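Participant: Structure: protein27.pdb, PDB, C-alpha atoms, pLDDT in the B column.
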ATOM      1  CA  MET T   1     -39.470 -56.484-115.530  1.00 69.00           C
ATOM      2  CA  GLN T   2     -41.768 -59.459-114.813  1.00 78.00           C
ATOM      3  CA  SER T   3     -43.160 -61.174-117.922  1.00 84.00           C
ATOM      4  CA  GLU T   4     -46.329 -63.146-118.668  1.00 94.00           C
ATOM      5  CA  MET T   5     -47.035 -65.512-121.576  1.00 94.00           C
ATOM      6  CA  PHE T   6     -49.504 -64.519-124.314  1.00 96.00           C
ATOM      7  CA  ARG T   7     -50.915 -67.343-126.464  1.00 96.00           C
ATOM      8  CA  ILE T   8     -52.057 -66.983-130.049  1.00 96.00           C
ATOM      9  CA  ASP T   9     -55.033 -69.306-129.570  1.00 95.00           C
ATOM     10  CA  SER T  10     -56.498 -66.625-127.312  1.00 95.00           C
ATOM     11  CA  TYR T  11     -56.711 -64.301-130.323  1.00 94.00           C
ATOM     12  CA  LEU T  12     -57.484 -66.510-133.323  1.00 94.00           C
ATOM     13  CA  LEU T  13     -60.998 -67.155-134.510  1.00 89.00           C
ATOM     14  CA  PRO T  14     -61.813 -70.636-135.872  1.00 90.00           C
ATOM     15  CA  GLY T  15     -60.170 -71.091-139.266  1.00 90.00           C
ATOM     16  CA  ASP T  16     -57.864 -68.072-138.948  1.00 94.00           C
ATOM     17  CA  ALA T  17     -54.118 -68.454-139.529  1.00 95.00           C
ATOM     18  CA  CYS T  18     -53.163 -65.066-138.059  1.00 96.00           C
ATOM     19  CA  HIS T  19     -54.490 -62.207-135.981  1.00 96.00           C
ATOM     20  CA  VAL T  20     -54.407 -58.547-137.071  1.00 96.00           C
ATOM     21  CA  ALA T  21     -55.185 -55.549-134.890  1.00 96.00           C
ATOM     22  CA  HIS T  22     -55.372 -51.853-135.776  1.00 97.00           C
ATOM     23  CA  LYS T  23     -55.450 -50.136-132.418  1.00 96.00           C
ATOM     24  CA  ASP T  24     -54.283 -47.428-130.034  1.00 98.00           C
ATOM     25  CA  LEU T  25     -51.720 -48.427-127.421  1.00 97.00           C
ATOM     26  CA  ALA T  26     -52.403 -47.692-123.754  1.00 97.00           C
ATOM     27  CA  ARG T  27     -50.769 -44.560-122.378  1.00 96.00           C
ATOM     28  CA  ARG T  28     -49.412 -46.348-119.323  1.00 96.00           C
ATOM     29  CA  TRP T  29     -47.033 -49.228-118.757  1.00 96.00           C
ATOM     30  CA  PRO T  30     -48.728 -52.620-118.232  1.00 95.00           C
ATOM     31  CA  ALA T  31     -48.374 -54.337-114.874  1.00 93.00           C
ATOM     32  CA  GLN T  32     -45.780 -56.614-116.499  1.00 94.00           C
ATOM     33  CA  ALA T  33     -44.118 -57.271-119.837  1.00 95.00           C
ATOM     34  CA  HIS T  34     -45.060 -60.233-122.011  1.00 95.00           C
ATOM     35  CA  HIS T  35     -43.569 -62.865-124.260  1.00 95.00           C
ATOM     36  CA  GLN T  36     -45.593 -65.152-126.503  1.00 96.00           C
ATOM     37  CA  ASP T  37     -45.921 -68.467-128.291  1.00 97.00           C
ATOM     38  CA  TYR T  38     -46.149 -66.755-131.712  1.00 97.00           C
ATOM     39  CA  PHE T  39     -44.255 -64.423-134.020  1.00 97.00           C
ATOM     40  CA  GLU T  40     -45.417 -60.860-134.313  1.00 97.00           C
ATOM     41  CA  LEU T  41     -44.750 -57.602-136.114  1.00 96.00           C
ATOM     42  CA  LEU T  42     -45.670 -54.061-135.249  1.00 97.00           C
ATOM     43  CA  LEU T  43     -45.997 -51.064-137.560  1.00 97.00           C
ATOM     44  CA  VAL T  44     -46.389 -47.626-135.981  1.00 96.00           C
ATOM     45  CA  GLU T  45     -48.951 -45.670-137.988  1.00 97.00           C
ATOM     46  CA  ARG T  46     -48.894 -42.433-135.975  1.00 96.00           C
ATOM     47  CA  GLY T  47     -47.810 -41.058-132.623  1.00 96.00           C
ATOM     48  CA  GLU T  48     -44.986 -42.430-130.516  1.00 96.00           C
ATOM     49  CA  THR T  49     -44.483 -45.126-127.908  1.00 95.00           C
ATOM     50  CA  ASP T  50     -41.861 -46.061-125.351  1.00 95.00           C
ATOM     51  CA  HIS T  51     -40.829 -49.662-125.857  1.00 94.00           C
ATOM     52  CA  TRP T  52     -39.035 -51.900-123.372  1.00 94.00           C
ATOM     53  CA  VAL T  53     -37.636 -55.066-124.943  1.00 93.00           C
ATOM     54  CA  ASN T  54     -35.140 -57.575-123.554  1.00 92.00           C
ATOM     55  CA  GLY T  55     -33.852 -55.007-121.087  1.00 91.00           C
ATOM     56  CA  VAL T  56     -33.437 -52.255-123.685  1.00 90.00           C
ATOM     57  CA  ARG T  57     -35.531 -49.058-123.726  1.00 89.00           C
ATOM     58  CA  GLN T  58     -36.476 -47.661-127.159  1.00 89.00           C
ATOM     59  CA  SER T  59     -38.650 -44.925-128.636  1.00 91.00           C
ATOM     60  CA  LEU T  60     -40.752 -45.882-131.663  1.00 92.00           C
ATOM     61  CA  GLY T  61     -42.442 -43.441-134.029  1.00 93.00           C
ATOM     62  CA  PRO T  62     -44.311 -43.375-137.357  1.00 94.00           C
ATOM     63  CA  GLY T  63     -42.936 -45.750-139.965  1.00 93.00           C
ATOM     64  CA  GLN T  64     -41.136 -47.951-137.455  1.00 93.00           C
ATOM     65  CA  LEU T  65     -41.537 -51.648-138.287  1.00 95.00           C
ATOM     66  CA  VAL T  66     -40.440 -54.216-135.686  1.00 94.00           C
ATOM     67  CA  PHE T  67     -40.375 -58.027-135.909  1.00 96.00           C
ATOM     68  CA  PHE T  68     -40.845 -59.911-132.615  1.00 96.00           C
ATOM     69  CA  ARG T  69     -39.869 -63.479-131.823  1.00 95.00           C
ATOM     70  CA  PRO T  70     -41.560 -65.694-129.190  1.00 96.00           C
ATOM     71  CA  ALA T  71     -38.750 -65.303-126.646  1.00 93.00           C
ATOM     72  CA  ASP T  72     -38.678 -61.489-126.815  1.00 96.00           C
ATOM     73  CA  ARG T  73     -39.965 -59.901-123.597  1.00 95.00           C
ATOM     74  CA  HIS T  74     -41.456 -56.503-124.194  1.00 96.00           C
ATOM     75  CA  ALA T  75     -43.941 -53.841-123.134  1.00 96.00           C
ATOM     76  CA  PHE T  76     -45.267 -50.547-124.496  1.00 97.00           C
ATOM     77  CA  ARG T  77     -46.414 -47.190-123.198  1.00 97.00           C
ATOM     78  CA  ALA T  78     -47.881 -44.729-125.706  1.00 97.00           C
ATOM     79  CA  ASP T  79     -46.768 -41.111-125.496  1.00 95.00           C
ATOM     80  CA  PRO T  80     -49.145 -39.328-123.084  1.00 95.00           C
ATOM     81  CA  ASN T  81     -49.597 -36.426-125.511  1.00 94.00           C
ATOM     82  CA  SER T  82     -49.521 -37.908-129.015  1.00 93.00           C
ATOM     83  CA  GLY T  83     -50.739 -41.411-128.215  1.00 96.00           C
ATOM     84  CA  CYS T  84     -49.728 -44.191-130.591  1.00 97.00           C
ATOM     85  CA  ARG T  85     -51.743 -46.078-133.215  1.00 98.00           C
ATOM     86  CA  ILE T  86     -50.338 -49.310-134.598  1.00 98.00           C
ATOM     87  CA  PHE T  87     -50.944 -52.292-136.817  1.00 97.00           C
ATOM     88  CA  ASN T  88     -50.103 -55.545-135.032  1.00 97.00           C
ATOM     89  CA  VAL T  89     -49.859 -58.881-136.861  1.00 97.00           C
ATOM     90  CA  MET T  90     -49.475 -62.223-135.056  1.00 97.00           C
ATOM     91  CA  PHE T  91     -48.735 -65.528-136.786  1.00 97.00           C
ATOM     92  CA  ARG T  92     -47.879 -69.065-135.759  1.00 96.00           C
ATOM     93  CA  PRO T  93     -44.307 -70.438-135.551  1.00 96.00           C
ATOM     94  CA  GLU T  94     -45.252 -73.003-138.221  1.00 96.00           C
ATOM     95  CA  THR T  95     -45.862 -70.163-140.677  1.00 96.00           C
ATOM     96  CA  ALA T  96     -42.492 -68.597-139.882  1.00 95.00           C
ATOM     97  CA  GLN T  97     -40.673 -71.914-140.221  1.00 95.00           C
ATOM     98  CA  HIS T  98     -42.356 -72.684-143.536  1.00 94.00           C
ATOM     99  CA  LEU T  99     -41.253 -69.342-144.995  1.00 93.00           C
ATOM    100  CA  ILE T 100     -37.707 -69.732-143.670  1.00 92.00           C
ATOM    101  CA  GLN T 101     -37.413 -73.213-145.159  1.00 93.00           C
ATOM    102  CA  ARG T 102     -39.176 -72.384-148.429  1.00 90.00           C
ATOM    103  CA  TYR T 103     -37.425 -69.031-148.972  1.00 86.00           C
ATOM    104  CA  PRO T 104     -34.129 -69.198-147.051  1.00 85.00           C
ATOM    105  CA  GLU T 105     -32.461 -66.495-149.128  1.00 76.00           C
ATOM    106  CA  GLU T 106     -35.203 -64.023-148.198  1.00 79.00           C
ATOM    107  CA  PHE T 107     -35.891 -64.962-144.566  1.00 86.00           C
ATOM    108  CA  ALA T 108     -33.222 -67.170-142.969  1.00 86.00           C
ATOM    109  CA  GLY T 109     -31.481 -65.127-140.298  1.00 87.00           C
ATOM    110  CA  ARG T 110     -33.426 -62.001-141.209  1.00 86.00           C
ATOM    111  CA  PHE T 111     -36.519 -60.104-140.078  1.00 90.00           C
ATOM    112  CA  PHE T 112     -38.456 -62.424-137.714  1.00 92.00           C
ATOM    113  CA  ASP T 113     -35.607 -65.000-137.886  1.00 92.00           C
ATOM    114  CA  SER T 114     -32.960 -62.573-136.611  1.00 88.00           C
ATOM    115  CA  ALA T 115     -30.738 -63.864-133.802  1.00 87.00           C
ATOM    116  CA  ALA T 116     -29.806 -60.364-132.581  1.00 86.00           C
ATOM    117  CA  PRO T 117     -30.269 -59.480-128.884  1.00 88.00           C
ATOM    118  CA  VAL T 118     -33.133 -57.116-129.747  1.00 88.00           C
ATOM    119  CA  PRO T 119     -35.813 -57.601-132.438  1.00 91.00           C
ATOM    120  CA  ASP T 120     -35.074 -56.613-136.021  1.00 89.00           C
ATOM    121  CA  ALA T 121     -36.384 -53.077-136.644  1.00 88.00           C
ATOM    122  CA  HIS T 122     -36.622 -50.858-139.725  1.00 88.00           C
ATOM    123  CA  GLN T 123     -37.426 -47.187-140.134  1.00 86.00           C
ATOM    124  CA  LEU T 124     -39.477 -47.080-143.326  1.00 87.00           C
ATOM    125  CA  GLN T 125     -39.088 -44.169-145.689  1.00 84.00           C
ATOM    126  CA  ASP T 126     -42.143 -42.477-147.212  1.00 86.00           C
ATOM    127  CA  ASP T 127     -42.718 -44.903-150.101  1.00 86.00           C
ATOM    128  CA  GLN T 128     -42.033 -47.986-148.002  1.00 89.00           C
ATOM    129  CA  PHE T 129     -44.299 -46.655-145.242  1.00 93.00           C
ATOM    130  CA  LYS T 130     -47.190 -46.131-147.667  1.00 93.00           C
ATOM    131  CA  GLN T 131     -46.713 -49.618-149.099  1.00 92.00           C
ATOM    132  CA  ALA T 132     -46.602 -51.209-145.643  1.00 95.00           C
ATOM    133  CA  LEU T 133     -49.743 -49.359-144.545  1.00 96.00           C
ATOM    134  CA  GLY T 134     -51.519 -50.532-147.693  1.00 95.00           C
ATOM    135  CA  LEU T 135     -50.523 -54.153-147.114  1.00 95.00           C
ATOM    136  CA  ALA T 136     -51.561 -54.025-143.451  1.00 96.00           C
ATOM    137  CA  THR T 137     -54.893 -52.401-144.268  1.00 96.00           C
ATOM    138  CA  ARG T 138     -55.659 -55.055-146.880  1.00 94.00           C
ATOM    139  CA  LEU T 139     -54.745 -57.805-144.429  1.00 94.00           C
ATOM    140  CA  VAL T 140     -57.110 -56.352-141.803  1.00 92.00           C
ATOM    141  CA  ASN T 141     -59.929 -56.499-144.345  1.00 91.00           C
ATOM    142  CA  SER T 142     -59.141 -59.964-145.748  1.00 90.00           C
ATOM    143  CA  ALA T 143     -59.935 -63.516-144.782  1.00 90.00           C
ATOM    144  CA  LEU T 144     -57.083 -64.333-142.406  1.00 93.00           C
ATOM    145  CA  SER T 145     -56.030 -67.505-144.171  1.00 94.00           C
ATOM    146  CA  LEU T 146     -52.616 -69.115-144.327  1.00 94.00           C
ATOM    147  CA  ALA T 147     -52.268 -67.933-147.926  1.00 94.00           C
ATOM    148  CA  GLN T 148     -53.050 -64.345-146.903  1.00 95.00           C
ATOM    149  CA  ILE T 149     -50.498 -64.126-144.082  1.00 96.00           C
ATOM    150  CA  GLU T 150     -47.803 -65.748-146.220  1.00 95.00           C
ATOM    151  CA  GLU T 151     -48.574 -63.385-149.088  1.00 94.00           C
ATOM    152  CA  PHE T 152     -48.426 -60.431-146.688  1.00 95.00           C
ATOM    153  CA  LEU T 153     -45.033 -61.438-145.261  1.00 95.00           C
ATOM    154  CA  LEU T 154     -43.580 -62.162-148.691  1.00 91.00           C
ATOM    155  CA  ALA T 155     -44.737 -58.785-150.001  1.00 91.00           C
ATOM    156  CA  LEU T 156     -43.353 -57.061-146.943  1.00 91.00           C
ATOM    157  CA  GLY T 157     -39.944 -58.665-147.394  1.00 86.00           C
ATOM    158  CA  ASN T 158     -39.718 -58.549-151.186  1.00 79.00           C
ATOM    159  CA  GLN T 159     -41.397 -55.218-151.925  1.00 78.00           C
ATOM    160  CA  VAL T 160     -41.464 -52.947-148.878  1.00 84.00           C
ATOM    161  CA  LEU T 161     -38.132 -53.852-147.317  1.00 82.00           C
ATOM    162  CA  ALA T 162     -36.220 -54.650-150.500  1.00 68.00           C
ATOM    163  CA  PRO T 163     -34.871 -51.096-150.974  1.00 51.00           C
ATOM    164  CA  ILE T 164     -33.517 -50.953-147.414  1.00 49.00           C
ATOM    165  CA  ALA T 165     -32.698 -54.599-146.755  1.00 47.00           C
ATOM    166  CA  GLU T 166     -29.357 -56.144-147.510  1.00 48.00           C
ATOM    167  CA  ASP T 167     -28.997 -58.428-150.527  1.00 47.00           C
ATOM    168  CA  PRO T 168     -29.036 -61.926-148.954  1.00 46.00           C
ATOM    169  CA  VAL T 169     -27.741 -63.611-152.114  1.00 48.00           C
ATOM    170  CA  ALA T 170     -24.663 -61.521-152.841  1.00 61.00           C
ATOM    171  CA  MET T 171     -23.777 -60.165-149.402  1.00 74.00           C
ATOM    172  CA  PRO T 172     -20.972 -61.933-147.513  1.00 82.00           C
ATOM    173  CA  ASN T 173     -21.944 -63.446-144.187  1.00 81.00           C
ATOM    174  CA  TRP T 174     -19.669 -61.154-142.188  1.00 87.00           C
ATOM    175  CA  LEU T 175     -21.438 -58.056-143.565  1.00 87.00           C
ATOM    176  CA  ALA T 176     -24.926 -59.501-143.018  1.00 83.00           C
ATOM    177  CA  ASP T 177     -23.968 -60.339-139.415  1.00 84.00           C
ATOM    178  CA  ALA T 178     -22.559 -56.840-138.899  1.00 87.00           C
ATOM    179  CA  CYS T 179     -25.769 -55.249-140.229  1.00 85.00           C
ATOM    180  CA  THR T 180     -27.811 -57.339-137.800  1.00 82.00           C
ATOM    181  CA  ALA T 181     -25.518 -56.513-134.862  1.00 85.00           C
ATOM    182  CA  LEU T 182     -25.680 -52.824-135.759  1.00 85.00           C
ATOM    183  CA  ARG T 183     -29.350 -52.706-134.748  1.00 80.00           C
ATOM    184  CA  HIS T 184     -28.418 -53.216-131.107  1.00 82.00           C
ATOM    185  CA  PRO T 185     -28.196 -49.867-129.256  1.00 80.00           C
ATOM    186  CA  SER T 186     -24.809 -50.736-127.764  1.00 81.00           C
ATOM    187  CA  VAL T 187     -23.420 -50.954-131.298  1.00 84.00           C
ATOM    188  CA  PHE T 188     -25.171 -48.169-133.213  1.00 79.00           C
ATOM    189  CA  SER T 189     -24.584 -45.737-130.342  1.00 84.00           C
ATOM    190  CA  ALA T 190     -20.878 -46.009-131.228  1.00 88.00           C
ATOM    191  CA  GLY T 191     -21.661 -44.859-134.766  1.00 87.00           C
ATOM    192  CA  THR T 192     -19.487 -45.872-137.688  1.00 89.00           C
ATOM    193  CA  ALA T 193     -16.733 -47.008-135.316  1.00 91.00           C
ATOM    194  CA  GLY T 194     -19.167 -49.516-133.801  1.00 90.00           C
ATOM    195  CA  PHE T 195     -20.101 -50.774-137.275  1.00 90.00           C
ATOM    196  CA  VAL T 196     -16.414 -51.228-138.147  1.00 91.00           C
ATOM    197  CA  ALA T 197     -15.775 -53.049-134.877  1.00 91.00           C
ATOM    198  CA  VAL T 198     -18.562 -55.629-135.294  1.00 90.00           C
ATOM    199  CA  ALA T 199     -17.652 -56.104-138.976  1.00 90.00           C
ATOM    200  CA  GLY T 200     -14.105 -57.080-138.048  1.00 90.00           C
ATOM    201  CA  ARG T 201     -12.769 -55.481-141.236  1.00 88.00           C
ATOM    202  CA  SER T 202     -10.856 -52.294-141.949  1.00 88.00           C
ATOM    203  CA  HIS T 203     -12.802 -49.069-142.448  1.00 87.00           C
ATOM    204  CA  GLU T 204     -11.770 -49.004-146.112  1.00 85.00           C
ATOM    205  CA  HIS T 205     -12.895 -52.614-146.648  1.00 86.00           C
ATOM    206  CA  LEU T 206     -16.233 -51.874-144.990  1.00 88.00           C
ATOM    207  CA  CYS T 207     -16.690 -48.756-147.160  1.00 84.00           C
ATOM    208  CA  ARG T 208     -16.112 -50.728-150.355  1.00 80.00           C
ATOM    209  CA  SER T 209     -18.445 -53.525-149.271  1.00 82.00           C
ATOM    210  CA  CYS T 210     -21.215 -51.148-148.175  1.00 80.00           C
ATOM    211  CA  ARG T 211     -21.117 -49.381-151.520  1.00 74.00           C
ATOM    212  CA  SER T 212     -21.179 -52.708-153.381  1.00 72.00           C
ATOM    213  CA  PHE T 213     -23.889 -54.497-151.421  1.00 76.00           C
ATOM    214  CA  LEU T 214     -25.897 -51.755-149.686  1.00 75.00           C
ATOM    215  CA  GLY T 215     -25.525 -48.946-152.194  1.00 67.00           C
ATOM    216  CA  THR T 216     -24.492 -46.503-149.473  1.00 73.00           C
ATOM    217  CA  THR T 217     -21.671 -45.573-147.098  1.00 79.00           C
ATOM    218  CA  PRO T 218     -21.189 -47.036-143.602  1.00 84.00           C
ATOM    219  CA  THR T 219     -22.029 -43.670-142.020  1.00 83.00           C
ATOM    220  CA  ALA T 220     -25.224 -43.294-144.049  1.00 77.00           C
ATOM    221  CA  TYR T 221     -26.269 -46.849-143.184  1.00 80.00           C
ATOM    222  CA  VAL T 222     -25.664 -46.231-139.471  1.00 82.00           C
ATOM    223  CA  ASN T 223     -27.801 -43.083-139.679  1.00 77.00           C
ATOM    224  CA  ARG T 224     -30.563 -45.049-141.426  1.00 72.00           C
ATOM    225  CA  VAL T 225     -30.620 -47.602-138.594  1.00 73.00           C
ATOM    226  CA  ARG T 226     -30.588 -44.847-135.963  1.00 66.00           C
ATOM    227  CA  THR T 227     -33.635 -43.025-137.322  1.00 59.00           C
TER     228      THR T 227
END
If you convert what's in this file into structure tokens, what do you get?

Facilitator:
Amino acid sequence: MQSEMFRIDSYLLPGDACHVAHKDLARRWPAQAHHQDYFELLLVERGETDHWVNGVRQSLGPGQLVFFRPADRHAFRADPNSGCRIFNVMFRPETAQHLIQRYPEEFAGRFFDSAAPVPDAHQLQDDQFKQALGLATRLVNSALSLAQIEEFLLALGNQVLAPIAEDPVAMPNWLADACTALRHPSVFSAGTAGFVAVAGRSHEHLCRSCRSFLGTTPTAYVNRVRT
């Protein structure tokens, strides 16, 4: 799919450090996909949307949270029947780099800093979804300062995603890498066997590590990523 460049300066008002939109997605594919010179996240509030990203086709529904990087090429088409309403947050690369450097244990290699072939995505459970909606709503109604966007991203990582994110301090690198790789459809479509393969460890070793660091089994974690 052809791709055009979107630029954050086209969206920011003078003095703003980020752009926030609460909107309905179009119910048709755009003429072409886009990439951008900024980082971005999307939270689906209601409805569903088809999503094309980096050559992969996905379906996103309520509670789906996706982090986009500048190089990601993507496009959306809301479900013709249900439509799709989202929160969309854009922020500058300087903000992302500051957070990665200031809080490497929380952000380096994770969320918007993921190096996976497709953007990092999370299916929020009820409590996490309510928290994320509250944070996004407050951001929409706030002064869009640098402090506000950094506070929003820190709260999202430390509060909303903490129950479903891996422990970056204690988790071994091989397991963190396997969890990131698992989000690619070519891996999670293979189920637990795909998780074992990308981990490069025995099934028993992976089971022990998942229970220790993720508080769940490999199969349950795969199902969480799939939903």

Participant: Where does the PyMOL selection byres ((chain T and resi 127-130) around 12) land in this file, that is, which residues does it pick, as JSON, numbers by chain?

Facilitator: {"T": [43, 44, 45, 46, 61, 62, 63, 64, 65, 122, 123, 124, 125, 126, 131, 132, 133, 134, 135, 136, 137, 155, 156, 157, 158, 159, 160, 161, 162, 163, 164, 165]}

Participant: Would you kindly return, as a list in words, each protein, DNA or RNA residue with an atom no farther than 9 Å from any atom of Asp79 (chain T), considering only C-alpha atoms and excluding same-chain residues fewer than 5 positions away?

Facilitator: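 Listing them by chain and then by number gives Ala26, Arg27, Arg28, Gly47, Glu48, Thr49, Asp50 and Cys84 of chain T.
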
Participant: Could you check how far CA of Ala178 (chain T) sits from CA of Val53 (chain T), in Å to one decimal?

Facilitator: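 We find that CA of Ala178 (chain T) and CA of Val53 (chain T) lie 20.6 Å from each other.
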
Participant: Which one is closest to Thr192 (chain T): T:His205, T:Thr216, T:Asn223, T:Asp113? Count only C-alpha atoms.

Facilitator: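 Going through T:His205, T:Thr216, T:Asn223, T:Asp113 one by one, the smallest distance to Thr192 (chain T) is for T:Asn223.
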
Participant: Starting from the PyMOL selection byres ((chain T and resi 141-154) around 12), expand the selection into actual residues of this file and give them as a PyMOL selection string.

Facilitator: chain T and resi 12-22+39-41+67+89-92+94-100+102-107+111-112+131-140+155-162

Participant: Compare T:Trp29, T:Phe188, T:Tyr11, T:Trp52 by their minimum atom-to-atom distance to Pro218 (chain T), counting all atoms listed in the file, and give me the closest one.

Facilitator: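 The shortest atom-to-atom distance to Pro218 (chain T) comes from T:Phe188.
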
Participant: So which one's closest to His35 (chain T), T:Ser212, T:Ser3, T:Ser10, T:Asn54? Using only C-alpha atoms, please.

Facilitator: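 Closest candidate: T:Ser3.
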
Participant: Anything within 7 Å of (-29.1, -59.4, -133.9): list those residues as a PyMOL selection string, counting all atoms listed in the file and sticking to the file's coordinates.

Facilitator: chain T and resi 114-118+120+180-181+183-184

Participant: Just to confirm, what's the straight-line distance from CA of Ala199 (chain T) to CA of Asn173 (chain T) in Å (one decimal)?

Facilitator: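 Result for CA of Ala199 (chain T) versus CA of Asn173 (chain T): 10.0 Å, one decimal.
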
Participant: Measuring between all atoms listed in the file, which one of T:Phe195, T:Cys179, T:Lys23, T:His74 shows the shortest distance to His51 (chain T)?

Facilitator: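 Distance minimum relative to His51 (chain T) lands on T:His74.
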
Participant: Mind checking which residues fall within 10 Å of Thr219 (chain T), counting only C-alpha atoms, ignoring those fewer than 5 positions away in the same chain, and posting them as a list in words?

Facilitator: Gly191, Thr192, Ala193, Phe195, Cys207, Cys210 and Arg224 of chain T

Participant: Taking all atoms listed in the file into account, which of T:Arg77, T:Gln58, T:Ser189, T:Val196 comes nearest Asp177 (chain T)?

Facilitator: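 Checking each candidate against Asp177 (chain T), we get T:Val196 as the closest.
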
Participant: Between CA of Asn81 (chain T) and CA of Val225 (chain T), what is the distance in Å, rounded to a tenth?

Facilitator: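 A separation of 25.6 Å between them.
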